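This is work-v2.cif. It holds mmCIF, N, CA and C atoms.
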data_my_file
#
loop_
_atom_site.label_atom_id
_atom_site.label_comp_id
_atom_site.auth_asym_id
_atom_site.auth_seq_id
_atom_site.Cartn_x
_atom_site.Cartn_y
_atom_site.Cartn_z
N MET A 1 48.64 19.71 -21.81
CA MET A 1 48.04 21.03 -21.82
C MET A 1 47.69 21.43 -20.38
N SER A 2 48.10 22.61 -19.97
CA SER A 2 47.83 23.11 -18.62
C SER A 2 46.38 23.55 -18.50
N PRO A 3 45.81 23.37 -17.30
CA PRO A 3 44.44 23.86 -17.12
C PRO A 3 44.41 25.39 -17.21
N ARG A 4 43.28 25.91 -17.61
CA ARG A 4 43.11 27.35 -17.73
C ARG A 4 43.18 27.97 -16.34
N PRO A 5 43.93 29.07 -16.17
CA PRO A 5 43.95 29.74 -14.86
C PRO A 5 42.55 30.28 -14.54
N SER A 6 42.27 30.41 -13.26
CA SER A 6 40.99 30.98 -12.84
C SER A 6 40.96 32.46 -13.16
N LEU A 7 39.79 32.94 -13.52
CA LEU A 7 39.60 34.35 -13.84
C LEU A 7 38.71 34.99 -12.78
N GLU A 8 39.26 35.98 -12.08
CA GLU A 8 38.50 36.76 -11.11
C GLU A 8 38.39 38.18 -11.65
N ILE A 9 37.20 38.74 -11.54
CA ILE A 9 36.97 40.11 -11.99
C ILE A 9 36.42 40.91 -10.81
N ALA A 10 37.01 42.08 -10.59
CA ALA A 10 36.51 42.98 -9.54
C ALA A 10 35.27 43.69 -10.06
N VAL A 11 34.21 43.67 -9.26
CA VAL A 11 32.95 44.31 -9.64
C VAL A 11 32.41 45.11 -8.46
N VAL A 12 31.51 46.04 -8.76
CA VAL A 12 30.93 46.88 -7.70
C VAL A 12 29.42 46.76 -7.60
N SER A 13 28.84 45.80 -8.35
CA SER A 13 27.38 45.70 -8.35
C SER A 13 26.93 44.31 -8.80
N PRO A 14 25.66 44.00 -8.53
CA PRO A 14 25.12 42.74 -9.06
C PRO A 14 25.16 42.70 -10.59
N ALA A 15 24.93 43.83 -11.24
CA ALA A 15 25.01 43.87 -12.71
C ALA A 15 26.43 43.52 -13.17
N GLY A 16 27.41 44.02 -12.46
CA GLY A 16 28.80 43.68 -12.78
C GLY A 16 29.07 42.20 -12.59
N ALA A 17 28.48 41.61 -11.55
CA ALA A 17 28.65 40.17 -11.32
C ALA A 17 28.03 39.37 -12.46
N ARG A 18 26.85 39.79 -12.93
CA ARG A 18 26.21 39.11 -14.07
C ARG A 18 27.08 39.21 -15.31
N THR A 19 27.58 40.41 -15.58
CA THR A 19 28.44 40.62 -16.75
C THR A 19 29.70 39.76 -16.65
N ALA A 20 30.28 39.70 -15.46
CA ALA A 20 31.47 38.86 -15.26
C ALA A 20 31.15 37.40 -15.55
N ARG A 21 30.01 36.92 -15.03
CA ARG A 21 29.59 35.53 -15.28
C ARG A 21 29.42 35.28 -16.77
N GLU A 22 28.73 36.20 -17.45
CA GLU A 22 28.46 36.04 -18.87
C GLU A 22 29.73 36.05 -19.71
N ASN A 23 30.80 36.60 -19.16
CA ASN A 23 32.06 36.70 -19.90
C ASN A 23 33.14 35.77 -19.37
N GLY A 24 32.72 34.73 -18.64
CA GLY A 24 33.63 33.67 -18.29
C GLY A 24 34.36 33.77 -16.96
N ALA A 25 33.98 34.70 -16.10
CA ALA A 25 34.65 34.80 -14.80
C ALA A 25 34.35 33.57 -13.95
N ASP A 26 35.37 33.09 -13.27
CA ASP A 26 35.20 31.98 -12.35
C ASP A 26 34.72 32.45 -10.98
N ARG A 27 35.04 33.70 -10.66
CA ARG A 27 34.57 34.31 -9.42
C ARG A 27 34.71 35.82 -9.56
N VAL A 28 34.05 36.53 -8.64
CA VAL A 28 34.17 37.98 -8.62
C VAL A 28 34.65 38.43 -7.24
N GLU A 29 35.36 39.54 -7.24
CA GLU A 29 35.67 40.23 -6.00
C GLU A 29 34.74 41.43 -5.95
N LEU A 30 33.84 41.42 -5.00
CA LEU A 30 32.83 42.45 -4.88
C LEU A 30 33.27 43.50 -3.88
N CYS A 31 33.20 44.75 -4.31
CA CYS A 31 33.53 45.86 -3.41
C CYS A 31 32.72 47.07 -3.83
N THR A 32 32.93 48.16 -3.17
CA THR A 32 32.35 49.43 -3.54
C THR A 32 33.47 50.46 -3.47
N ALA A 33 33.24 51.63 -4.02
CA ALA A 33 34.18 52.76 -3.93
C ALA A 33 35.57 52.40 -4.46
N LEU A 34 35.63 51.87 -5.67
CA LEU A 34 36.93 51.56 -6.26
C LEU A 34 37.83 52.79 -6.34
N GLU A 35 37.22 53.96 -6.51
CA GLU A 35 38.01 55.19 -6.60
C GLU A 35 38.74 55.50 -5.29
N LEU A 36 38.32 54.85 -4.21
CA LEU A 36 38.98 55.00 -2.90
C LEU A 36 39.86 53.80 -2.57
N GLY A 37 40.04 52.92 -3.53
CA GLY A 37 40.83 51.72 -3.31
C GLY A 37 40.00 50.51 -2.93
N GLY A 38 38.68 50.69 -2.88
CA GLY A 38 37.77 49.59 -2.56
C GLY A 38 37.39 49.56 -1.09
N LEU A 39 36.09 49.43 -0.85
CA LEU A 39 35.54 49.32 0.50
C LEU A 39 34.52 48.19 0.52
N THR A 40 34.12 47.78 1.72
CA THR A 40 33.15 46.70 1.88
C THR A 40 31.78 47.12 1.34
N PRO A 41 31.16 46.30 0.50
CA PRO A 41 29.82 46.61 0.02
C PRO A 41 28.77 46.27 1.09
N SER A 42 27.57 46.76 0.88
CA SER A 42 26.47 46.47 1.80
C SER A 42 26.07 45.00 1.72
N THR A 43 25.41 44.53 2.76
CA THR A 43 24.92 43.16 2.78
C THR A 43 23.92 42.93 1.65
N ALA A 44 23.06 43.90 1.39
CA ALA A 44 22.09 43.76 0.30
C ALA A 44 22.79 43.61 -1.04
N THR A 45 23.87 44.34 -1.25
CA THR A 45 24.63 44.22 -2.50
C THR A 45 25.26 42.84 -2.59
N VAL A 46 25.79 42.34 -1.49
CA VAL A 46 26.38 40.99 -1.48
C VAL A 46 25.31 39.97 -1.84
N GLU A 47 24.16 40.03 -1.18
CA GLU A 47 23.08 39.07 -1.45
C GLU A 47 22.67 39.09 -2.91
N ALA A 48 22.51 40.27 -3.48
CA ALA A 48 22.09 40.39 -4.88
C ALA A 48 23.17 39.87 -5.83
N ALA A 49 24.43 40.13 -5.53
CA ALA A 49 25.52 39.65 -6.39
C ALA A 49 25.61 38.13 -6.32
N VAL A 50 25.41 37.56 -5.14
CA VAL A 50 25.44 36.11 -4.98
C VAL A 50 24.35 35.48 -5.85
N GLU A 51 23.18 36.09 -5.89
CA GLU A 51 22.07 35.57 -6.70
C GLU A 51 22.32 35.66 -8.19
N SER A 52 23.12 36.64 -8.62
CA SER A 52 23.21 36.92 -10.05
C SER A 52 24.52 36.54 -10.71
N GLY A 53 25.52 36.18 -9.95
CA GLY A 53 26.80 35.98 -10.59
C GLY A 53 27.50 34.71 -10.21
N PRO A 54 28.78 34.64 -10.57
CA PRO A 54 29.61 33.50 -10.15
C PRO A 54 29.93 33.62 -8.66
N PRO A 55 30.69 32.69 -8.10
CA PRO A 55 31.03 32.80 -6.68
C PRO A 55 31.58 34.19 -6.33
N VAL A 56 31.12 34.68 -5.19
CA VAL A 56 31.47 36.04 -4.77
C VAL A 56 32.46 35.99 -3.61
N HIS A 57 33.51 36.77 -3.74
CA HIS A 57 34.46 37.01 -2.65
C HIS A 57 34.36 38.49 -2.35
N VAL A 58 34.13 38.83 -1.10
CA VAL A 58 33.84 40.20 -0.70
C VAL A 58 35.08 40.87 -0.13
N LEU A 59 35.40 42.04 -0.65
CA LEU A 59 36.46 42.86 -0.07
C LEU A 59 35.99 43.38 1.27
N VAL A 60 36.80 43.20 2.31
CA VAL A 60 36.46 43.69 3.64
C VAL A 60 37.50 44.75 4.01
N ARG A 61 37.07 45.98 3.93
CA ARG A 61 37.93 47.13 4.24
C ARG A 61 37.00 48.23 4.74
N CYS A 62 37.18 48.65 5.97
CA CYS A 62 36.20 49.53 6.62
C CYS A 62 36.34 51.01 6.28
N ARG A 63 37.47 51.39 5.69
CA ARG A 63 37.68 52.81 5.38
C ARG A 63 38.78 52.95 4.34
N PRO A 64 38.79 54.10 3.64
CA PRO A 64 39.91 54.34 2.72
C PRO A 64 41.16 54.74 3.50
N GLY A 65 42.26 54.86 2.80
CA GLY A 65 43.51 55.27 3.44
C GLY A 65 44.43 54.10 3.63
N ASP A 66 45.21 54.16 4.70
CA ASP A 66 46.20 53.12 4.93
C ASP A 66 45.54 51.83 5.42
N PHE A 67 46.38 50.85 5.68
CA PHE A 67 45.89 49.54 6.10
C PHE A 67 46.27 49.24 7.55
N VAL A 68 46.54 50.28 8.32
CA VAL A 68 46.87 50.14 9.74
C VAL A 68 45.58 50.39 10.51
N TYR A 69 45.07 49.34 11.16
CA TYR A 69 43.78 49.42 11.82
C TYR A 69 43.91 49.29 13.33
N ASP A 70 42.99 49.96 14.05
CA ASP A 70 42.96 49.81 15.50
C ASP A 70 42.01 48.66 15.86
N ALA A 71 41.94 48.35 17.13
CA ALA A 71 41.14 47.20 17.59
C ALA A 71 39.67 47.35 17.21
N GLU A 72 39.13 48.55 17.31
CA GLU A 72 37.73 48.76 16.96
C GLU A 72 37.48 48.48 15.48
N GLU A 73 38.41 48.92 14.63
CA GLU A 73 38.26 48.68 13.19
C GLU A 73 38.38 47.18 12.87
N ILE A 74 39.28 46.48 13.54
CA ILE A 74 39.42 45.04 13.31
C ILE A 74 38.13 44.33 13.73
N ALA A 75 37.55 44.72 14.87
CA ALA A 75 36.30 44.11 15.31
C ALA A 75 35.18 44.38 14.30
N LEU A 76 35.13 45.60 13.77
CA LEU A 76 34.13 45.94 12.77
C LEU A 76 34.31 45.09 11.52
N MET A 77 35.56 44.94 11.07
CA MET A 77 35.80 44.14 9.87
C MET A 77 35.51 42.66 10.11
N ALA A 78 35.78 42.15 11.31
CA ALA A 78 35.42 40.77 11.63
C ALA A 78 33.91 40.58 11.53
N ALA A 79 33.15 41.56 12.00
CA ALA A 79 31.69 41.50 11.87
C ALA A 79 31.27 41.53 10.40
N GLU A 80 31.95 42.33 9.60
CA GLU A 80 31.67 42.40 8.16
C GLU A 80 31.99 41.07 7.48
N VAL A 81 33.07 40.41 7.89
CA VAL A 81 33.42 39.10 7.36
C VAL A 81 32.27 38.13 7.61
N ARG A 82 31.80 38.09 8.85
CA ARG A 82 30.69 37.19 9.19
C ARG A 82 29.44 37.53 8.39
N SER A 83 29.14 38.80 8.26
CA SER A 83 27.96 39.24 7.53
C SER A 83 28.04 38.85 6.05
N ALA A 84 29.18 39.06 5.44
CA ALA A 84 29.35 38.73 4.02
C ALA A 84 29.16 37.24 3.77
N LEU A 85 29.73 36.42 4.64
CA LEU A 85 29.60 34.98 4.47
C LEU A 85 28.18 34.51 4.73
N ARG A 86 27.52 35.08 5.71
CA ARG A 86 26.11 34.73 5.96
C ARG A 86 25.22 35.14 4.80
N ALA A 87 25.65 36.17 4.05
CA ALA A 87 24.89 36.65 2.90
C ALA A 87 25.14 35.79 1.66
N GLY A 88 26.02 34.79 1.79
CA GLY A 88 26.23 33.86 0.69
C GLY A 88 27.57 33.96 -0.01
N ALA A 89 28.43 34.88 0.40
CA ALA A 89 29.76 34.96 -0.21
C ALA A 89 30.52 33.66 0.06
N ARG A 90 31.37 33.28 -0.88
CA ARG A 90 32.19 32.08 -0.71
C ARG A 90 33.52 32.39 -0.05
N GLY A 91 33.88 33.68 -0.04
CA GLY A 91 35.15 34.05 0.56
C GLY A 91 35.21 35.53 0.83
N VAL A 92 36.30 35.91 1.49
CA VAL A 92 36.55 37.31 1.80
C VAL A 92 37.97 37.66 1.41
N VAL A 93 38.18 38.93 1.17
CA VAL A 93 39.47 39.46 0.76
C VAL A 93 39.85 40.51 1.80
N VAL A 94 40.93 40.26 2.54
CA VAL A 94 41.29 41.09 3.68
C VAL A 94 42.77 41.46 3.65
N GLY A 95 43.14 42.42 4.49
CA GLY A 95 44.53 42.78 4.65
C GLY A 95 44.67 43.78 5.78
N ALA A 96 45.83 43.78 6.41
CA ALA A 96 46.12 44.73 7.50
C ALA A 96 47.63 44.79 7.68
N LEU A 97 48.11 45.98 8.00
CA LEU A 97 49.53 46.20 8.21
C LEU A 97 49.78 46.77 9.60
N THR A 98 51.00 46.58 10.07
CA THR A 98 51.44 47.25 11.30
C THR A 98 51.99 48.62 10.92
N ALA A 99 52.19 49.47 11.90
CA ALA A 99 52.70 50.83 11.65
C ALA A 99 54.07 50.82 10.99
N ASP A 100 54.86 49.77 11.22
CA ASP A 100 56.20 49.71 10.62
C ASP A 100 56.21 49.03 9.25
N GLY A 101 55.03 48.72 8.70
CA GLY A 101 54.95 48.20 7.34
C GLY A 101 54.96 46.69 7.21
N GLY A 102 54.84 45.97 8.33
CA GLY A 102 54.74 44.52 8.26
C GLY A 102 53.28 44.10 8.20
N LEU A 103 53.04 42.85 7.85
CA LEU A 103 51.67 42.35 7.90
C LEU A 103 51.25 42.24 9.36
N ASP A 104 50.04 42.68 9.66
CA ASP A 104 49.50 42.59 11.01
C ASP A 104 48.90 41.19 11.16
N THR A 105 49.74 40.25 11.56
CA THR A 105 49.28 38.85 11.61
C THR A 105 48.20 38.64 12.67
N SER A 106 48.21 39.44 13.74
CA SER A 106 47.13 39.32 14.74
C SER A 106 45.79 39.70 14.13
N ALA A 107 45.77 40.80 13.40
CA ALA A 107 44.53 41.24 12.75
C ALA A 107 44.10 40.23 11.69
N LEU A 108 45.05 39.77 10.89
CA LEU A 108 44.71 38.81 9.84
C LEU A 108 44.19 37.51 10.42
N THR A 109 44.78 37.08 11.52
CA THR A 109 44.30 35.86 12.18
C THR A 109 42.87 36.06 12.69
N ALA A 110 42.59 37.22 13.28
CA ALA A 110 41.24 37.50 13.77
C ALA A 110 40.23 37.49 12.63
N LEU A 111 40.59 38.04 11.48
CA LEU A 111 39.69 38.07 10.33
C LEU A 111 39.51 36.67 9.74
N ALA A 112 40.59 35.92 9.63
CA ALA A 112 40.49 34.55 9.12
C ALA A 112 39.69 33.68 10.07
N ASP A 113 39.88 33.86 11.38
CA ASP A 113 39.10 33.09 12.36
C ASP A 113 37.61 33.42 12.26
N ALA A 114 37.29 34.70 12.05
CA ALA A 114 35.88 35.08 11.89
C ALA A 114 35.29 34.39 10.67
N ALA A 115 36.07 34.31 9.59
CA ALA A 115 35.60 33.65 8.38
C ALA A 115 35.39 32.16 8.62
N ARG A 116 36.37 31.51 9.17
CA ARG A 116 36.31 30.05 9.33
C ARG A 116 35.30 29.64 10.41
N ASP A 117 35.09 30.50 11.41
CA ASP A 117 34.06 30.21 12.42
C ASP A 117 32.66 30.31 11.81
N THR A 118 32.51 31.18 10.82
CA THR A 118 31.21 31.37 10.16
C THR A 118 30.97 30.30 9.10
N ASP A 119 32.02 30.00 8.33
CA ASP A 119 31.92 29.00 7.26
C ASP A 119 33.28 28.33 7.12
N PRO A 120 33.42 27.12 7.62
CA PRO A 120 34.72 26.44 7.55
C PRO A 120 35.28 26.30 6.14
N ALA A 121 34.44 26.37 5.13
CA ALA A 121 34.89 26.26 3.75
C ALA A 121 35.24 27.60 3.12
N ALA A 122 35.04 28.68 3.85
CA ALA A 122 35.28 30.02 3.30
C ALA A 122 36.74 30.17 2.88
N GLN A 123 36.93 30.83 1.76
CA GLN A 123 38.28 31.15 1.30
C GLN A 123 38.65 32.54 1.81
N VAL A 124 39.87 32.68 2.26
CA VAL A 124 40.38 33.97 2.75
C VAL A 124 41.57 34.35 1.88
N THR A 125 41.47 35.50 1.23
CA THR A 125 42.50 35.97 0.31
C THR A 125 43.10 37.26 0.86
N LEU A 126 44.41 37.38 0.75
CA LEU A 126 45.10 38.60 1.17
C LEU A 126 45.03 39.63 0.05
N HIS A 127 44.58 40.85 0.36
CA HIS A 127 44.45 41.88 -0.67
C HIS A 127 45.69 42.74 -0.79
N ARG A 128 45.55 43.84 -1.50
CA ARG A 128 46.68 44.67 -1.90
C ARG A 128 47.43 45.33 -0.76
N ALA A 129 46.99 45.17 0.47
CA ALA A 129 47.78 45.67 1.59
C ALA A 129 49.18 45.09 1.54
N VAL A 130 49.30 43.85 1.07
CA VAL A 130 50.63 43.22 1.01
C VAL A 130 51.55 44.01 0.07
N ASP A 131 50.99 44.63 -0.95
CA ASP A 131 51.80 45.44 -1.86
C ASP A 131 52.36 46.68 -1.17
N GLN A 132 51.71 47.12 -0.10
CA GLN A 132 52.13 48.30 0.64
C GLN A 132 53.07 47.96 1.79
N ALA A 133 53.31 46.68 2.02
CA ALA A 133 54.21 46.25 3.09
C ALA A 133 55.63 46.72 2.78
N SER A 134 56.43 46.92 3.82
CA SER A 134 57.81 47.37 3.61
C SER A 134 58.62 46.34 2.84
N ASP A 135 58.34 45.05 3.01
CA ASP A 135 58.99 43.98 2.26
C ASP A 135 57.92 42.93 1.95
N PRO A 136 57.23 43.10 0.80
CA PRO A 136 56.11 42.20 0.49
C PRO A 136 56.49 40.72 0.45
N VAL A 137 57.64 40.37 -0.06
CA VAL A 137 58.02 38.96 -0.14
C VAL A 137 58.22 38.38 1.24
N ALA A 138 58.92 39.10 2.09
CA ALA A 138 59.13 38.62 3.47
C ALA A 138 57.82 38.57 4.23
N ALA A 139 56.94 39.53 3.96
CA ALA A 139 55.65 39.56 4.65
C ALA A 139 54.84 38.32 4.32
N VAL A 140 54.79 37.94 3.07
CA VAL A 140 54.03 36.75 2.68
C VAL A 140 54.69 35.50 3.24
N ALA A 141 55.99 35.45 3.22
CA ALA A 141 56.71 34.27 3.74
C ALA A 141 56.46 34.09 5.24
N ALA A 142 56.18 35.19 5.95
CA ALA A 142 55.98 35.13 7.40
C ALA A 142 54.53 34.82 7.80
N LEU A 143 53.65 34.72 6.82
CA LEU A 143 52.24 34.47 7.14
C LEU A 143 52.06 33.14 7.86
N PRO A 144 51.25 33.14 8.90
CA PRO A 144 50.92 31.85 9.51
C PRO A 144 50.02 31.05 8.59
N GLY A 145 49.95 29.75 8.79
CA GLY A 145 49.14 28.87 7.93
C GLY A 145 47.72 29.29 7.86
#
Would you mind writing the file's structure down as structure tokens?
Amino acid sequence: MSPRPSLEIAVVSPAGARTARENGADRVELCTALELGGLTPSTATVEAAVESGPPVHVLVRCRPGDFVYDAEEIALMAAEVRSALRAGARGVVVGALTADGGLDTSALTALADAARDTDPAAQVTLHRAVDQASDPVAAVAALPG
């Protein structure tokens, strides 16, 4: 018999995290503004969700729209990564693309480094930006370790 796959539920509040826990979620992806594709929640929301639910992975996305970010936005998201992990999140969910539709491996490396420098055990998950890549399969295959 195969082990049960992990269940992750996207939530936007501590109440959602509690409901996810009560209904068998193994972890939650916490964000805000789902109607905009999801944005980074506040530190207070992260702290409250960590207290009330299963392990929390925080979506780190500084604005709606595309996934092509400039250096200032990458620096802001790296700070958000550190903040989320310091608030008790077990992981972060990130993504970034280049203007030509490839994965922005420099940006992803900077975000992963921010996570691992803050918490070496932090999990880093690639979000739906990969779905918007010009060739999602090739983009994932090209990811650095």
Determine the residue membership of the PyMOL selection byres ((chain A and resi 53) around 7) for the file above and supply it as a short mmCIF file (atom, residue, chain, number, x, y, z; two decimals) with N, CA and C atoms, in the frame of the given file.
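Dumped everything to part.cif:
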data_model
loop_
_atom_site.label_atom_id
_atom_site.label_comp_id
_atom_site.auth_asym_id
_atom_site.auth_seq_id
_atom_site.Cartn_x
_atom_site.Cartn_y
_atom_site.Cartn_z
N PRO A 14 25.66 44.00 -8.53
CA PRO A 14 25.12 42.74 -9.06
C PRO A 14 25.16 42.70 -10.59
N GLY A 16 27.41 44.02 -12.46
CA GLY A 16 28.80 43.68 -12.78
C GLY A 16 29.07 42.20 -12.59
N ALA A 17 28.48 41.61 -11.55
CA ALA A 17 28.65 40.17 -11.32
C ALA A 17 28.03 39.37 -12.46
N ARG A 18 26.85 39.79 -12.93
CA ARG A 18 26.21 39.11 -14.07
C ARG A 18 27.08 39.21 -15.31
N THR A 19 27.58 40.41 -15.58
CA THR A 19 28.44 40.62 -16.75
C THR A 19 29.70 39.76 -16.65
N ALA A 20 30.28 39.70 -15.46
CA ALA A 20 31.47 38.86 -15.26
C ALA A 20 31.15 37.40 -15.55
N ARG A 21 30.01 36.92 -15.03
CA ARG A 21 29.59 35.53 -15.28
C ARG A 21 29.42 35.28 -16.77
N VAL A 28 34.05 36.53 -8.64
CA VAL A 28 34.17 37.98 -8.62
C VAL A 28 34.65 38.43 -7.24
N ALA A 48 22.51 40.27 -3.48
CA ALA A 48 22.09 40.39 -4.88
C ALA A 48 23.17 39.87 -5.83
N ALA A 49 24.43 40.13 -5.53
CA ALA A 49 25.52 39.65 -6.39
C ALA A 49 25.61 38.13 -6.32
N VAL A 50 25.41 37.56 -5.14
CA VAL A 50 25.44 36.11 -4.98
C VAL A 50 24.35 35.48 -5.85
N GLU A 51 23.18 36.09 -5.89
CA GLU A 51 22.07 35.57 -6.70
C GLU A 51 22.32 35.66 -8.19
N SER A 52 23.12 36.64 -8.62
CA SER A 52 23.21 36.92 -10.05
C SER A 52 24.52 36.54 -10.71
N PRO A 54 28.78 34.64 -10.57
CA PRO A 54 29.61 33.50 -10.15
C PRO A 54 29.93 33.62 -8.66
N PRO A 55 30.69 32.69 -8.10
CA PRO A 55 31.03 32.80 -6.68
C PRO A 55 31.58 34.19 -6.33
N VAL A 56 31.12 34.68 -5.19
CA VAL A 56 31.47 36.04 -4.77
C VAL A 56 32.46 35.99 -3.61
#
For the file shown, report as an mmCIF file with N, CA and C atoms, in the coordinates of the input the outcome of the PyMOL selection byres ((chain A and resi 9) around 7) at residue level.
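And here is the file that came out, expr-v1.cif:
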data_model
loop_
_atom_site.group_PDB
_atom_site.id
_atom_site.type_symbol
_atom_site.label_atom_id
_atom_site.label_comp_id
_atom_site.auth_asym_id
_atom_site.auth_seq_id
_atom_site.Cartn_x
_atom_site.Cartn_y
_atom_site.Cartn_z
ATOM 1 N N LEU A 7 39.790 32.940 -13.520
ATOM 2 C CA LEU A 7 39.600 34.350 -13.840
ATOM 3 C C LEU A 7 38.710 34.990 -12.780
ATOM 4 N N GLU A 8 39.260 35.980 -12.080
ATOM 5 C CA GLU A 8 38.500 36.760 -11.110
ATOM 6 C C GLU A 8 38.390 38.180 -11.650
ATOM 7 N N ALA A 10 37.010 42.080 -10.590
ATOM 8 C CA ALA A 10 36.510 42.980 -9.540
ATOM 9 C C ALA A 10 35.270 43.690 -10.060
ATOM 10 N N VAL A 11 34.210 43.670 -9.260
ATOM 11 C CA VAL A 11 32.950 44.310 -9.640
ATOM 12 C C VAL A 11 32.410 45.110 -8.460
ATOM 13 N N ALA A 20 30.280 39.700 -15.460
ATOM 14 C CA ALA A 20 31.470 38.860 -15.260
ATOM 15 C C ALA A 20 31.150 37.400 -15.550
ATOM 16 N N ALA A 25 33.980 34.700 -16.100
ATOM 17 C CA ALA A 25 34.650 34.800 -14.800
ATOM 18 C C ALA A 25 34.350 33.570 -13.950
ATOM 19 N N ASP A 26 35.370 33.090 -13.270
ATOM 20 C CA ASP A 26 35.200 31.980 -12.350
ATOM 21 C C ASP A 26 34.720 32.450 -10.980
ATOM 22 N N ARG A 27 35.040 33.700 -10.660
ATOM 23 C CA ARG A 27 34.570 34.310 -9.420
ATOM 24 C C ARG A 27 34.710 35.820 -9.560
ATOM 25 N N VAL A 28 34.050 36.530 -8.640
ATOM 26 C CA VAL A 28 34.170 37.980 -8.620
ATOM 27 C C VAL A 28 34.650 38.430 -7.240
ATOM 28 N N GLU A 29 35.360 39.540 -7.240
ATOM 29 C CA GLU A 29 35.670 40.230 -6.000
ATOM 30 C C GLU A 29 34.740 41.430 -5.950
ATOM 31 N N LEU A 30 33.840 41.420 -5.000
ATOM 32 C CA LEU A 30 32.830 42.450 -4.880
ATOM 33 C C LEU A 30 33.270 43.500 -3.880
#
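Applied to this file, the PyMOL selection byres (((chain A and resi 132 and name CA) around 9) and name CA) selects Asp66, Phe67, Leu97, Gly101, Gly102, Arg128, Ala129, Val130, Asp131, Ala133, Ser134, Asp135 and Pro136 of chain A.
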May I ask for the distance between atom CA of Leu39 of chain A and atom C of Arg4 of chain A, given in Å to one decimal place?
28.2 Å
Residues within 8 Å of Thr32 of chain A, please, as a list in words. Count all atoms listed in the file; anything in the same chain fewer than 4 positions from it doesn't count.
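Listed by chain and then number, they are Val11, Val12, Ser13, Leu36, Gly37, Gly38, Leu39, Thr40, Pro41, Ser42 and Leu59 of chain A.
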Could you pull out the residues in segment 4-107 of chain A that DSSP calls strand (DSSP E or B) from the backbone, as number ranges by chain?
A: 8-11, 27-30, 32, 39, 56-59, 91-94, 97, 103
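Note that atom CA of Glu72 of chain A and atom CA of His57 of chain A are 23.1 Å apart.
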Interatomic distance, atom C of Ala114 of chain A to atom C of Arg82 of chain A (Å, one decimal)
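Taking atom C of Ala114 of chain A as the start and atom C of Arg82 of chain A as the end point, the length is 7.0 Å.
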When you look at Val93 of chain A with a cut-off of 5 Å (counting all atoms listed in the file), what residues show up, excluding the ones that are within fewer than 2 positions of it in the same chain? I need them as a PyMOL selection string.
chain A and resi 58-60+91+95+125+127
Nearest candidate to Leu108 of chain A (options A:Ala96, A:Ala78, A:Ala15, A:Ala122; using only N, CA and C atoms):
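Ranking A:Ala96, A:Ala78, A:Ala15, A:Ala122 by distance to Leu108 of chain A, first place goes to A:Ala96.
Distances to Asp70 of chain A were evaluated for A:Ala107, A:Ala115, A:Val140, A:Cys31 using only C-alpha atoms, and the minimum falls at A:Ala107.
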Members of chain A assigned helix (DSSP H, G or I) by DSSP, as a PyMOL selection string
chain A and resi 14-22+34-36+43-52+71-86+105-118+128-132+136-141
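Restricting the calculation to all atoms listed in the file, the smallest distance between Ile74 of chain A and any of A:Thr43, A:Leu103, A:Ala110, A:Ser6 is found for A:Ala110.
Considering the residues A:Thr118, A:Asp113, A:Asp104, A:Val68 and counting all atoms listed in the file, Leu85 of chain A has its shortest atom-to-atom contact with A:Thr118.
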